[in-house]
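K.L.:
Contents of work21.cif (mmCIF, C-alpha atoms and all ligand atoms):
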data_coords
loop_
_atom_site.group_PDB
_atom_site.id
_atom_site.type_symbol
_atom_site.label_atom_id
_atom_site.label_comp_id
_atom_site.auth_asym_id
_atom_site.auth_seq_id
_atom_site.Cartn_x
_atom_site.Cartn_y
_atom_site.Cartn_z
ATOM 1 C CA MET A 1 21.461 -6.391 24.928
ATOM 2 C CA THR A 2 23.601 -8.818 22.858
ATOM 3 C CA THR A 3 26.192 -7.554 20.322
ATOM 4 C CA LYS A 4 23.912 -8.216 17.368
ATOM 5 C CA ASN A 5 21.337 -6.047 19.090
ATOM 6 C CA THR A 6 23.597 -3.114 19.823
ATOM 7 C CA LEU A 7 22.285 0.277 18.783
ATOM 8 C CA LYS A 8 25.585 2.072 19.397
ATOM 9 C CA GLY A 9 26.514 4.493 16.604
ATOM 10 C CA LYS A 10 23.030 4.571 15.100
ATOM 11 C CA THR A 11 21.134 7.835 14.583
ATOM 12 C CA ALA A 12 17.549 8.560 15.639
ATOM 13 C CA ILE A 13 15.098 11.369 15.087
ATOM 14 C CA ILE A 14 12.530 11.638 17.876
ATOM 15 C CA THR A 15 9.721 14.108 17.237
ATOM 16 C CA GLY A 16 8.253 15.926 20.249
ATOM 17 C CA SER A 17 11.206 15.073 22.477
ATOM 18 C CA THR A 18 11.462 18.192 24.624
ATOM 19 C CA SER A 19 9.071 16.742 27.197
ATOM 20 C CA GLY A 20 7.488 13.600 28.613
ATOM 21 C CA ILE A 21 7.784 10.310 26.721
ATOM 22 C CA GLY A 22 9.880 11.745 23.861
ATOM 23 C CA LEU A 23 12.499 13.179 26.218
ATOM 24 C CA GLY A 24 12.562 9.891 28.135
ATOM 25 C CA LEU A 25 13.068 7.963 24.882
ATOM 26 C CA ALA A 26 15.907 10.341 23.982
ATOM 27 C CA HIS A 27 17.676 9.593 27.284
ATOM 28 C CA GLY A 28 17.116 5.859 26.847
ATOM 29 C CA LEU A 29 18.538 5.787 23.317
ATOM 30 C CA ALA A 30 21.445 8.074 24.311
ATOM 31 C CA GLU A 31 22.350 5.534 27.013
ATOM 32 C CA SER A 32 22.574 2.928 24.221
ATOM 33 C CA GLY A 33 24.970 5.161 22.243
ATOM 34 C CA VAL A 34 22.455 6.443 19.674
ATOM 35 C CA ASN A 35 23.098 9.907 18.199
ATOM 36 C CA LEU A 36 20.002 12.031 18.266
ATOM 37 C CA VAL A 37 17.967 14.756 16.684
ATOM 38 C CA ILE A 38 15.530 16.013 19.266
ATOM 39 C CA ASN A 39 12.551 18.218 18.419
ATOM 40 C CA GLY A 40 9.663 20.003 20.071
ATOM 41 C CA PHE A 41 8.629 23.251 21.664
ATOM 42 C CA GLY A 42 9.602 24.807 24.976
ATOM 43 C CA ASP A 43 11.884 27.244 26.736
ATOM 44 C CA PRO A 44 15.121 27.493 24.660
ATOM 45 C CA ASP A 45 17.335 27.451 27.794
ATOM 46 C CA LYS A 46 15.671 24.277 29.067
ATOM 47 C CA ILE A 47 15.945 22.641 25.632
ATOM 48 C CA GLU A 48 19.671 23.491 25.501
ATOM 49 C CA GLN A 49 20.141 22.073 29.014
ATOM 50 C CA ASP A 50 18.409 18.845 27.951
ATOM 51 C CA ARG A 51 20.493 18.653 24.758
ATOM 52 C CA LYS A 52 23.709 19.000 26.767
ATOM 53 C CA ALA A 53 22.550 16.416 29.329
ATOM 54 C CA LEU A 54 21.976 13.991 26.429
ATOM 55 C CA GLU A 55 25.462 14.693 25.031
ATOM 56 C CA ASP A 56 26.889 14.046 28.506
ATOM 57 C CA LYS A 57 25.896 10.430 27.854
ATOM 58 C CA GLY A 58 28.602 10.294 25.158
ATOM 59 C CA ILE A 59 26.583 10.891 21.996
ATOM 60 C CA THR A 60 26.015 13.797 19.598
ATOM 61 C CA CYS A 61 22.630 15.455 19.925
ATOM 62 C CA LEU A 62 21.185 18.165 17.690
ATOM 63 C CA TYR A 63 17.982 20.099 18.272
ATOM 64 C CA HIS A 64 15.670 20.951 15.379
ATOM 65 C CA GLY A 65 12.659 23.161 16.101
ATOM 66 C CA ALA A 66 10.429 21.918 13.249
ATOM 67 C CA ASP A 67 6.755 22.643 13.877
ATOM 68 C CA MET A 68 4.986 19.333 13.279
ATOM 69 C CA THR A 69 2.062 21.167 11.638
ATOM 70 C CA LYS A 70 4.401 22.351 8.854
ATOM 71 C CA PRO A 71 5.385 19.735 6.220
ATOM 72 C CA ALA A 72 8.292 21.825 4.865
ATOM 73 C CA GLU A 73 9.807 22.127 8.348
ATOM 74 C CA ILE A 74 9.512 18.359 8.878
ATOM 75 C CA GLN A 75 11.316 17.756 5.577
ATOM 76 C CA ASP A 76 14.001 20.249 6.629
ATOM 77 C CA MET A 77 14.487 18.388 9.939
ATOM 78 C CA VAL A 78 15.041 15.098 8.114
ATOM 79 C CA SER A 79 17.513 16.766 5.702
ATOM 80 C CA ALA A 80 19.369 18.451 8.567
ATOM 81 C CA ALA A 81 19.656 15.135 10.416
ATOM 82 C CA HIS A 82 20.927 13.365 7.306
ATOM 83 C CA ASN A 83 23.429 16.140 6.511
ATOM 84 C CA ALA A 84 24.763 16.074 10.070
ATOM 85 C CA PHE A 85 25.038 12.315 10.581
ATOM 86 C CA GLY A 86 25.002 10.839 7.042
ATOM 87 C CA GLN A 87 22.415 8.280 8.183
ATOM 88 C CA ILE A 88 19.014 8.038 9.851
ATOM 89 C CA ASP A 89 18.449 4.596 11.298
ATOM 90 C CA ILE A 90 15.534 5.154 13.650
ATOM 91 C CA LEU A 91 12.513 7.447 13.425
ATOM 92 C CA ILE A 92 10.285 7.747 16.454
ATOM 93 C CA ASN A 93 7.059 9.564 15.631
ATOM 94 C CA ASN A 94 6.096 10.771 19.075
ATOM 95 C CA ALA A 95 4.896 14.415 18.910
ATOM 96 C CA GLY A 96 1.323 14.701 20.035
ATOM 97 C CA ILE A 97 -1.254 16.902 21.700
ATOM 98 C CA GLN A 98 -4.644 16.250 23.236
ATOM 99 C CA HIS A 99 -7.916 18.115 23.556
ATOM 100 C CA VAL A 100 -10.899 16.827 25.502
ATOM 101 C CA SER A 101 -14.338 18.105 24.546
ATOM 102 C CA LYS A 102 -17.805 17.008 23.503
ATOM 103 C CA ILE A 103 -18.047 16.615 19.708
ATOM 104 C CA GLU A 104 -20.596 19.433 19.415
ATOM 105 C CA ASP A 105 -18.259 21.855 21.211
ATOM 106 C CA PHE A 106 -15.000 20.524 19.723
ATOM 107 C CA PRO A 107 -13.138 23.570 18.321
ATOM 108 C CA ASP A 108 -12.311 23.225 14.590
ATOM 109 C CA ASP A 109 -8.766 24.487 15.119
ATOM 110 C CA LYS A 110 -8.120 21.817 17.793
ATOM 111 C CA TRP A 111 -9.361 19.101 15.418
ATOM 112 C CA GLU A 112 -7.047 20.394 12.661
ATOM 113 C CA ALA A 113 -4.052 20.693 15.039
ATOM 114 C CA ILE A 114 -4.505 17.173 16.464
ATOM 115 C CA ILE A 115 -4.799 15.596 13.010
ATOM 116 C CA ALA A 116 -1.727 17.549 11.831
ATOM 117 C CA ILE A 117 0.532 16.910 14.852
ATOM 118 C CA ASN A 118 -0.618 13.426 15.884
ATOM 119 C CA LEU A 119 -1.141 11.932 12.413
ATOM 120 C CA SER A 120 0.033 13.916 9.381
ATOM 121 C CA SER A 121 3.449 14.751 10.882
ATOM 122 C CA SER A 122 4.170 11.007 11.064
ATOM 123 C CA PHE A 123 3.272 10.665 7.389
ATOM 124 C CA TYR A 124 5.660 13.458 6.376
ATOM 125 C CA ALA A 125 8.544 12.315 8.594
ATOM 126 C CA THR A 126 8.148 8.678 7.485
ATOM 127 C CA LYS A 127 7.852 9.665 3.825
ATOM 128 C CA HIS A 128 11.177 11.504 3.977
ATOM 129 C CA VAL A 129 13.183 8.971 6.026
ATOM 130 C CA ILE A 130 12.113 5.826 4.140
ATOM 131 C CA PRO A 131 14.197 6.538 0.984
ATOM 132 C CA LEU A 132 17.265 7.061 3.216
ATOM 133 C CA MET A 133 16.577 3.864 5.157
ATOM 134 C CA LYS A 134 16.112 1.953 1.880
ATOM 135 C CA LYS A 135 19.539 3.152 0.685
ATOM 136 C CA GLN A 136 21.120 2.108 3.991
ATOM 137 C CA GLY A 137 19.358 -1.254 3.900
ATOM 138 C CA TRP A 138 18.222 -0.943 7.534
ATOM 139 C CA GLY A 139 15.645 1.084 9.394
ATOM 140 C CA ARG A 140 13.230 1.191 12.284
ATOM 141 C CA VAL A 141 10.109 3.372 12.464
ATOM 142 C CA VAL A 142 8.440 3.372 15.864
ATOM 143 C CA ASN A 143 5.115 5.176 16.134
ATOM 144 C CA ILE A 144 4.081 6.212 19.615
ATOM 145 C CA VAL A 145 0.369 5.620 19.238
ATOM 146 C CA SER A 146 -1.867 4.944 22.287
ATOM 147 C CA ALA A 147 -4.453 2.539 23.608
ATOM 148 C CA HIS A 148 -6.650 5.096 21.838
ATOM 149 C CA GLY A 149 -5.275 3.742 18.539
ATOM 150 C CA LEU A 150 -7.163 0.530 19.344
ATOM 151 C CA VAL A 151 -10.182 1.561 21.412
ATOM 152 C CA ALA A 152 -12.065 4.803 22.031
ATOM 153 C CA SER A 153 -13.017 6.989 24.957
ATOM 154 C CA PRO A 154 -15.681 9.693 24.824
ATOM 155 C CA PHE A 155 -14.745 13.381 24.362
ATOM 156 C CA LYS A 156 -11.537 12.561 22.457
ATOM 157 C CA SER A 157 -12.868 12.370 18.891
ATOM 158 C CA ALA A 158 -9.849 14.014 17.257
ATOM 159 C CA TYR A 159 -7.216 12.134 19.285
ATOM 160 C CA VAL A 160 -8.885 8.739 18.802
ATOM 161 C CA SER A 161 -9.271 9.422 15.060
ATOM 162 C CA ALA A 162 -5.622 10.460 14.688
ATOM 163 C CA LYS A 163 -4.318 7.497 16.678
ATOM 164 C CA HIS A 164 -6.471 4.972 14.791
ATOM 165 C CA GLY A 165 -5.140 6.579 11.595
ATOM 166 C CA MET A 166 -1.584 6.118 12.830
ATOM 167 C CA MET A 167 -2.251 2.408 13.379
ATOM 168 C CA GLY A 168 -3.471 2.115 9.779
ATOM 169 C CA MET A 169 -0.402 3.920 8.478
ATOM 170 C CA THR A 170 1.862 1.671 10.584
ATOM 171 C CA LYS A 171 0.432 -1.410 8.873
ATOM 172 C CA ALA A 172 0.381 -0.001 5.333
ATOM 173 C CA VAL A 173 3.962 1.323 5.391
ATOM 174 C CA ALA A 174 5.259 -1.851 7.071
ATOM 175 C CA LEU A 175 4.021 -3.897 4.105
ATOM 176 C CA GLU A 176 5.584 -1.509 1.596
ATOM 177 C CA VAL A 177 9.073 -1.742 3.106
ATOM 178 C CA ALA A 178 8.974 -5.309 4.409
ATOM 179 C CA GLU A 179 11.686 -6.515 2.005
ATOM 180 C CA ASP A 180 13.982 -3.565 2.714
ATOM 181 C CA ASN A 181 15.062 -4.600 6.199
ATOM 182 C CA ILE A 182 12.924 -1.792 7.616
ATOM 183 C CA THR A 183 10.281 -2.433 10.264
ATOM 184 C CA VAL A 184 7.386 -0.139 11.131
ATOM 185 C CA ASN A 185 5.598 -0.687 14.418
ATOM 186 C CA ALA A 186 3.507 1.066 17.010
ATOM 187 C CA ILE A 187 3.730 1.244 20.767
ATOM 188 C CA CYS A 188 0.304 1.699 22.349
ATOM 189 C CA PRO A 189 0.748 3.023 25.887
ATOM 190 C CA GLY A 190 -1.977 3.381 28.429
ATOM 191 C CA TYR A 191 -1.763 6.412 30.690
ATOM 192 C CA VAL A 192 1.704 7.775 31.446
ATOM 193 C CA HIS A 193 2.024 10.625 33.918
ATOM 194 C CA THR A 194 3.372 13.394 31.637
ATOM 195 C CA PRO A 195 2.402 17.054 31.082
ATOM 196 C CA LEU A 196 -0.040 15.879 28.362
ATOM 197 C CA VAL A 197 -1.950 13.801 30.920
ATOM 198 C CA ASP A 198 -1.799 16.521 33.564
ATOM 199 C CA ASN A 199 -3.674 18.855 31.212
ATOM 200 C CA GLN A 200 -6.117 16.101 30.334
ATOM 201 C CA ILE A 201 -6.948 15.496 33.982
ATOM 202 C CA LYS A 202 -8.004 19.143 34.288
ATOM 203 C CA ASP A 203 -9.968 19.118 31.005
ATOM 204 C CA THR A 204 -11.686 15.800 31.719
ATOM 205 C CA ALA A 205 -12.720 17.022 35.177
ATOM 206 C CA LYS A 206 -14.346 19.998 33.476
ATOM 207 C CA ALA A 207 -15.955 17.966 30.646
ATOM 208 C CA ARG A 208 -17.411 15.377 33.057
ATOM 209 C CA GLY A 209 -18.107 17.741 35.978
ATOM 210 C CA ILE A 210 -16.034 15.689 38.476
ATOM 211 C CA SER A 211 -12.917 16.311 40.604
ATOM 212 C CA GLU A 212 -9.352 15.782 39.332
ATOM 213 C CA GLU A 213 -8.838 12.971 41.853
ATOM 214 C CA GLN A 214 -11.964 11.255 40.519
ATOM 215 C CA VAL A 215 -10.586 11.580 36.992
ATOM 216 C CA ILE A 216 -7.347 9.795 38.010
ATOM 217 C CA ASN A 217 -9.023 6.980 39.943
ATOM 218 C CA ASP A 218 -12.384 6.564 38.224
ATOM 219 C CA VAL A 219 -11.537 7.436 34.607
ATOM 220 C CA LEU A 220 -7.842 7.026 33.825
ATOM 221 C CA LEU A 221 -6.764 4.189 36.129
ATOM 222 C CA LYS A 222 -10.190 2.558 35.932
ATOM 223 C CA ALA A 223 -9.261 1.371 32.448
ATOM 224 C CA GLN A 224 -5.791 0.319 33.584
ATOM 225 C CA TRP A 225 -6.179 -3.022 35.363
ATOM 226 C CA THR A 226 -2.792 -2.785 37.109
ATOM 227 C CA LYS A 227 -4.066 0.480 38.705
ATOM 228 C CA GLU A 228 -0.689 2.016 37.910
ATOM 229 C CA PHE A 229 0.444 4.618 35.417
ATOM 230 C CA VAL A 230 2.765 3.192 32.727
ATOM 231 C CA SER A 231 6.340 4.384 33.311
ATOM 232 C CA ILE A 232 8.477 6.094 30.696
ATOM 233 C CA ASP A 233 11.228 3.516 31.382
ATOM 234 C CA GLN A 234 8.846 0.736 30.341
ATOM 235 C CA LEU A 235 8.273 2.530 27.034
ATOM 236 C CA VAL A 236 12.024 3.027 26.581
ATOM 237 C CA GLY A 237 12.567 -0.730 26.990
ATOM 238 C CA THR A 238 9.811 -1.498 24.481
ATOM 239 C CA ALA A 239 11.207 0.964 21.922
ATOM 240 C CA LYS A 240 14.734 -0.440 22.278
ATOM 241 C CA PHE A 241 13.382 -3.950 21.754
ATOM 242 C CA LEU A 242 11.561 -2.900 18.567
ATOM 243 C CA CYS A 243 14.811 -1.326 17.318
ATOM 244 C CA SER A 244 16.829 -4.487 18.031
ATOM 245 C CA GLU A 245 17.635 -7.363 15.667
ATOM 246 C CA ASP A 246 15.508 -9.663 17.834
ATOM 247 C CA ALA A 247 12.516 -7.692 16.534
ATOM 248 C CA ALA A 248 13.529 -7.834 12.843
ATOM 249 C CA ASN A 249 10.480 -9.963 12.001
ATOM 250 C CA ILE A 250 8.052 -7.898 14.017
ATOM 251 C CA THR A 251 6.486 -5.399 11.637
ATOM 252 C CA GLY A 252 3.137 -3.789 10.937
ATOM 253 C CA THR A 253 1.883 -4.423 14.422
ATOM 254 C CA HIS A 254 1.741 -2.860 17.883
ATOM 255 C CA ILE A 255 2.876 -3.611 21.398
ATOM 256 C CA SER A 256 0.370 -2.545 24.029
ATOM 257 C CA VAL A 257 1.909 -1.246 27.261
ATOM 258 C CA ASP A 258 -1.375 -0.450 28.927
ATOM 259 C CA GLY A 259 -1.755 -2.429 32.138
ATOM 260 C CA GLY A 260 -4.365 -4.688 30.540
ATOM 261 C CA TRP A 261 -6.655 -1.886 29.334
ATOM 262 C CA THR A 262 -7.271 -3.237 25.829
ATOM 263 C CA ALA A 263 -7.559 -6.863 26.986
ATOM 264 C CA ALA A 264 -10.917 -6.178 28.613
HETATM 265 P P1 LIG A 301 4.051 15.859 26.308
HETATM 266 O O1 LIG A 301 3.038 16.953 26.240
HETATM 267 O O2 LIG A 301 4.854 15.695 27.540
HETATM 268 O O3 LIG A 301 5.062 15.970 25.070
HETATM 269 C C1 LIG A 301 4.604 16.296 23.771
HETATM 270 C C2 LIG A 301 5.787 16.716 22.933
HETATM 271 O O4 LIG A 301 5.297 17.072 21.632
HETATM 272 C C3 LIG A 301 6.516 17.959 23.485
HETATM 273 O O5 LIG A 301 7.902 17.839 23.265
HETATM 274 C C4 LIG A 301 5.941 19.086 22.624
HETATM 275 O O6 LIG A 301 6.801 20.227 22.514
HETATM 276 C C5 LIG A 301 5.806 18.369 21.304
HETATM 277 N N1 LIG A 301 4.931 19.065 20.370
HETATM 278 C C6 LIG A 301 3.648 19.458 20.567
HETATM 279 N N2 LIG A 301 3.226 20.151 19.471
HETATM 280 C C7 LIG A 301 4.263 20.164 18.596
HETATM 281 C C8 LIG A 301 4.441 20.710 17.286
HETATM 282 N N3 LIG A 301 3.469 21.390 16.652
HETATM 283 N N4 LIG A 301 5.648 20.557 16.693
HETATM 284 C C9 LIG A 301 6.653 19.895 17.332
HETATM 285 N N5 LIG A 301 6.538 19.357 18.547
HETATM 286 C C10 LIG A 301 5.337 19.489 19.168
HETATM 287 O O7 LIG A 301 3.231 14.534 25.943
HETATM 288 P P2 LIG A 301 3.549 12.980 26.176
HETATM 289 O O8 LIG A 301 2.566 12.490 27.147
HETATM 290 O O9 LIG A 301 4.983 12.756 26.377
HETATM 291 O O10 LIG A 301 3.084 12.407 24.756
HETATM 292 C C11 LIG A 301 3.986 11.980 23.746
HETATM 293 C C12 LIG A 301 3.250 11.051 22.797
HETATM 294 O O11 LIG A 301 2.799 9.906 23.518
HETATM 295 C C13 LIG A 301 2.007 11.665 22.152
HETATM 296 O O12 LIG A 301 1.921 11.266 20.805
HETATM 297 C C14 LIG A 301 0.872 11.076 22.961
HETATM 298 O O13 LIG A 301 -0.312 11.014 22.226
HETATM 299 C C15 LIG A 301 1.434 9.704 23.236
HETATM 300 N N6 LIG A 301 0.795 9.039 24.375
HETATM 301 C C16 LIG A 301 0.841 9.594 25.600
HETATM 302 C C17 LIG A 301 0.224 8.940 26.664
HETATM 303 C C18 LIG A 301 0.231 9.496 28.057
HETATM 304 O O14 LIG A 301 -0.499 8.954 28.897
HETATM 305 N N7 LIG A 301 1.023 10.508 28.369
HETATM 306 C C19 LIG A 301 -0.446 7.735 26.440
HETATM 307 C C20 LIG A 301 -0.476 7.202 25.165
HETATM 308 C C21 LIG A 301 0.156 7.864 24.135
#
Output the file's structure as structure tokens, nothing else.
P.N.:
Amino acid sequence: MTTKNTLKGKTAIITGSTSGIGLGLAHGLAESGVNLVINGFGDPDKIEQDRKALEDKGITCLYHGADMTKPAEIQDMVSAAHNAFGQIDILINNAGIQHVSKIEDFPDDKWEAIIAINLSSSFYATKHVIPLMKKQGWGRVVNIVSAHGLVASPFKSAYVSAKHGMMGMTKAVALEVAEDNITVNAICPGYVHTPLVDNQIKDTAKARGISEEQVINDVLLKAQWTKEFVSIDQLVGTAKFLCSEDAANITGTHISVDGGWTAA
């Protein structure tokens, strides 16, 4: 990365960063010298181990346990980050859950949780960081959406709705802050082998009455023309690019990292 693209000394909040893609993004940004606020659920000892491992990369890392279904806790996380670092340069809206079920059996509480965690939490976090970014005169919002923000699959009505909503919000907010040196973009990954996908493999096998191996080969990787899972490192590289000065005129759009899925 060239000097004008350096992220060293910037501060990022990454929601849902105790696992999978979010934790990978935290390590990637830490390696670029970005101070972090990580967030998400999990075993407190493991979270503390991860926080220390991130600080071992030479940055300061705080953990905030905000529940992404609770607007007041999201606001508190943004305030805590700002109080600690005096700046918030990057927001990565990443927290997300999945539930796979036929629409007629889809539990109401799962619908509500998916809309809250996968969509509304991004609204609240973005709403609270934008005034700070405007004051600083620089900001990057990166929404971890999904190929399911662009196309649908059956049995994922809540997830597909939330992710399409996130794409709409990405575009609307990007236009609002376009003259403030703030960009708002989405990354739309195909399948990445994380705990979220592991659970989905089990649930999809049940919903479709097929084996887990069939789900991997005939459902997940069928859509992915490279026949490979997307790697977390590839998403880290994409996020760093969107945060760089080279991407200053990329806003209100998405980068698909999906092995060709949405080209078909
Ligand atoms: P993951 O299950 O490994 O991680 C999800 C993270 O969100 C965890 O840190 C978890 O603690 C956190 N989280 C869940 N509920 C929360 C809540 N109420 N409050 C705070 N944190 C909460 O999943 P992942 O695969 O790393 O997914 C991360 C994001 O990437 C999600 O938005 C997902 O939709 C998206 N995505 C994943 C894939 C994939 O194939 N894995 C593909 C496209 C998009």
K.L.:
What are the centre and the three edge lengths of an axis-aligned box that wraps all atoms of ligand LIG 301 (chain A) in the file, given that 3 Å is added to every side, written as AutoDock Vina command-line options and rounded to one decimal in Å?
P.N.:
--center_x 3.7 --center_y 14.3 --center_z 22.8 --size_x 14.4 --size_y 20.2 --size_z 18.2
K.L.:
Just give me the gap between CA of Val215 (chain A) and CA of Lys202 (chain A) in Å, one decimal is fine.
P.N.:
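Here the two named atoms are 8.4 Å from each other.
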K.L.:
What do you get, as a compact mmCIF listing (two decimals) with C-alpha atoms, keeping the file's coordinate frame, if you spell out every residue that the PyMOL selection byres (((chain A and resi 68) around 9) and not hetatm) selects here?
P.N.:
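To be explicit, this is the file written out as result-v3.txt:
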# COMPACT_ATOMS: atom_id res chain seq x y z
CA THR A 15 9.72 14.11 17.24
CA GLY A 16 8.25 15.93 20.25
CA GLY A 40 9.66 20.00 20.07
CA ALA A 66 10.43 21.92 13.25
CA ASP A 67 6.76 22.64 13.88
CA THR A 69 2.06 21.17 11.64
CA LYS A 70 4.40 22.35 8.85
CA PRO A 71 5.38 19.74 6.22
CA GLU A 73 9.81 22.13 8.35
CA ILE A 74 9.51 18.36 8.88
CA ALA A 95 4.90 14.42 18.91
CA GLY A 96 1.32 14.70 20.04
CA ALA A 116 -1.73 17.55 11.83
CA ILE A 117 0.53 16.91 14.85
CA ASN A 118 -0.62 13.43 15.88
CA SER A 120 0.03 13.92 9.38
CA SER A 121 3.45 14.75 10.88
CA SER A 122 4.17 11.01 11.06
K.L.:
Which one is closest to ligand LIG 301 (chain A): A:Val37, A:Ile114, A:Val219, A:Val151? Count all atoms listed in the file.
P.N.:
A:Ile114
K.L.:
Give me the residues near Ala158 (chain A) as a VMD selection string, where near means some atom within 12 Å (using all atoms listed in the file) and where sequence neighbours in that chain fewer than 3 positions away do not count.
P.N.:
chain A and resid 96 to 103 106 to 119 148 to 149 152 to 155 161 to 165
K.L.:
Write out as a PyMOL selection string each polymer residue whose atoms come within 12 Å of Asn83 (chain A), counting all atoms listed in the file; drop sequence neighbours fewer than 6 positions from it.
P.N.:
chain A and resi 11+37+62+76-77+132
K.L.:
Region 142-147 of chain A: which residues within 7 Å, counting all atoms listed in the file, same-chain residues fewer than 2 positions away excluded, as a ChimeraX atom specification?
P.N.:
/A:91-94,140,149-151,163,166,184-190,258,262
K.L.:
Keeping only C-alpha atoms, write those residues as a tab-separated table (two decimals), in the coordinates of the input.
P.N.:
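Once written, selection18.tsv looks like this:
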chain	number	residue	atom	x	y	z
A	91	LEU	CA	12.51	7.45	13.42
A	92	ILE	CA	10.28	7.75	16.45
A	93	ASN	CA	7.06	9.56	15.63
A	94	ASN	CA	6.10	10.77	19.08
A	140	ARG	CA	13.23	1.19	12.28
A	149	GLY	CA	-5.28	3.74	18.54
A	150	LEU	CA	-7.16	0.53	19.34
A	151	VAL	CA	-10.18	1.56	21.41
A	163	LYS	CA	-4.32	7.50	16.68
A	166	MET	CA	-1.58	6.12	12.83
A	184	VAL	CA	7.39	-0.14	11.13
A	185	ASN	CA	5.60	-0.69	14.42
A	186	ALA	CA	3.51	1.07	17.01
A	187	ILE	CA	3.73	1.24	20.77
A	188	CYS	CA	0.30	1.70	22.35
A	189	PRO	CA	0.75	3.02	25.89
A	190	GLY	CA	-1.98	3.38	28.43
A	258	ASP	CA	-1.38	-0.45	28.93
A	262	THR	CA	-7.27	-3.24	25.83
K.L.:
Pick from A:Ala26, A:Val236, A:Ala264, A:Ile182: nearest to Gly252 (chain A), with all atoms listed in the file counted?
P.N.:
A:Ile182
K.L.:
Quick check, in Å to one decimal: how far apart do CA of Gly22 (chain A) and CA of Asp45 (chain A) lie?
P.N.:
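Going from CA of Gly22 (chain A) over to CA of Asp45 (chain A) covers 17.8 Å.
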K.L.:
Under the PyMOL selection byres (((chain A and resi 223) around 10) and not hetatm), which residues of this model are included? Write them out as a VMD selection string.
P.N.:
chain A and resid 190 to 191 217 to 222 224 to 227 258 to 262 264
K.L.:
May I have the residues from that selection written out with C-alpha atoms, as a PDB file, in the frame of the given file?
P.N.:
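Here's the written file again13.pdb:
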ATOM      1  CA  GLY A 190      -1.977   3.381  28.429  1.00  0.00           C
ATOM      2  CA  TYR A 191      -1.763   6.412  30.690  1.00  0.00           C
ATOM      3  CA  ASN A 217      -9.023   6.980  39.943  1.00  0.00           C
ATOM      4  CA  ASP A 218     -12.384   6.564  38.224  1.00  0.00           C
ATOM      5  CA  VAL A 219     -11.537   7.436  34.607  1.00  0.00           C
ATOM      6  CA  LEU A 220      -7.842   7.026  33.825  1.00  0.00           C
ATOM      7  CA  LEU A 221      -6.764   4.189  36.129  1.00  0.00           C
ATOM      8  CA  LYS A 222     -10.190   2.558  35.932  1.00  0.00           C
ATOM      9  CA  GLN A 224      -5.791   0.319  33.584  1.00  0.00           C
ATOM     10  CA  TRP A 225      -6.179  -3.022  35.363  1.00  0.00           C
ATOM     11  CA  THR A 226      -2.792  -2.785  37.109  1.00  0.00           C
ATOM     12  CA  LYS A 227      -4.066   0.480  38.705  1.00  0.00           C
ATOM     13  CA  ASP A 258      -1.375  -0.450  28.927  1.00  0.00           C
ATOM     14  CA  GLY A 259      -1.755  -2.429  32.138  1.00  0.00           C
ATOM     15  CA  GLY A 260      -4.365  -4.688  30.540  1.00  0.00           C
ATOM     16  CA  TRP A 261      -6.655  -1.886  29.334  1.00  0.00           C
ATOM     17  CA  THR A 262      -7.271  -3.237  25.829  1.00  0.00           C
ATOM     18  CA  ALA A 264     -10.917  -6.178  28.613  1.00  0.00           C
TER      19      ALA A 264
END
K.L.:
Taking the file as shown, find all residues satisfying the PyMOL selection byres (((chain A and resi 201) around 9) and not hetatm) and write them as a PDB file with C-alpha atoms, in the coordinates of the input.
P.N.:
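Just written: part_4.pdb:
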ATOM      1  CA  LEU A 196      -0.040  15.879  28.362  1.00  0.00           C
ATOM      2  CA  VAL A 197      -1.950  13.801  30.920  1.00  0.00           C
ATOM      3  CA  ASP A 198      -1.799  16.521  33.564  1.00  0.00           C
ATOM      4  CA  ASN A 199      -3.674  18.855  31.212  1.00  0.00           C
ATOM      5  CA  GLN A 200      -6.117  16.101  30.334  1.00  0.00           C
ATOM      6  CA  LYS A 202      -8.004  19.143  34.288  1.00  0.00           C
ATOM      7  CA  ASP A 203      -9.968  19.118  31.005  1.00  0.00           C
ATOM      8  CA  THR A 204     -11.686  15.800  31.719  1.00  0.00           C
ATOM      9  CA  ALA A 205     -12.720  17.022  35.177  1.00  0.00           C
ATOM     10  CA  LYS A 206     -14.346  19.998  33.476  1.00  0.00           C
ATOM     11  CA  SER A 211     -12.917  16.311  40.604  1.00  0.00           C
ATOM     12  CA  GLU A 212      -9.352  15.782  39.332  1.00  0.00           C
ATOM     13  CA  GLU A 213      -8.838  12.971  41.853  1.00  0.00           C
ATOM     14  CA  VAL A 215     -10.586  11.580  36.992  1.00  0.00           C
ATOM     15  CA  ILE A 216      -7.347   9.795  38.010  1.00  0.00           C
ATOM     16  CA  LEU A 220      -7.842   7.026  33.825  1.00  0.00           C
TER      17      LEU A 220
END
K.L.:
Which is closest to ligand LIG 301 (chain A) among A:Met133, A:Ala248, A:Ile88, A:Ala125, if we use all atoms listed in the file?
P.N.:
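That would be A:Ala125, the residue with the smallest distance to ligand LIG 301 (chain A).
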K.L.:
Which is closest to Val192 (chain A) among A:Asp233, A:Glu31, A:Val177, A:Gly58, if we use all atoms listed in the file?
P.N.:
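Looking only at the distances to Val192 (chain A), the closest residue turns out to be A:Asp233.
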K.L.:
To one decimal place in Å, what is the distance between CA of Gly28 (chain A) and CA of Ala80 (chain A)?
P.N.:
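Here the two named atoms are 22.3 Å from each other.
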K.L.:
Find the residue from A:Cys61, A:Ala178, A:Leu29, A:Cys243 that sits nearest to Val141 (chain A); use all atoms listed in the file when measuring.
P.N.:
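Among the listed residues, the smallest separation from Val141 (chain A) belongs to A:Cys243.
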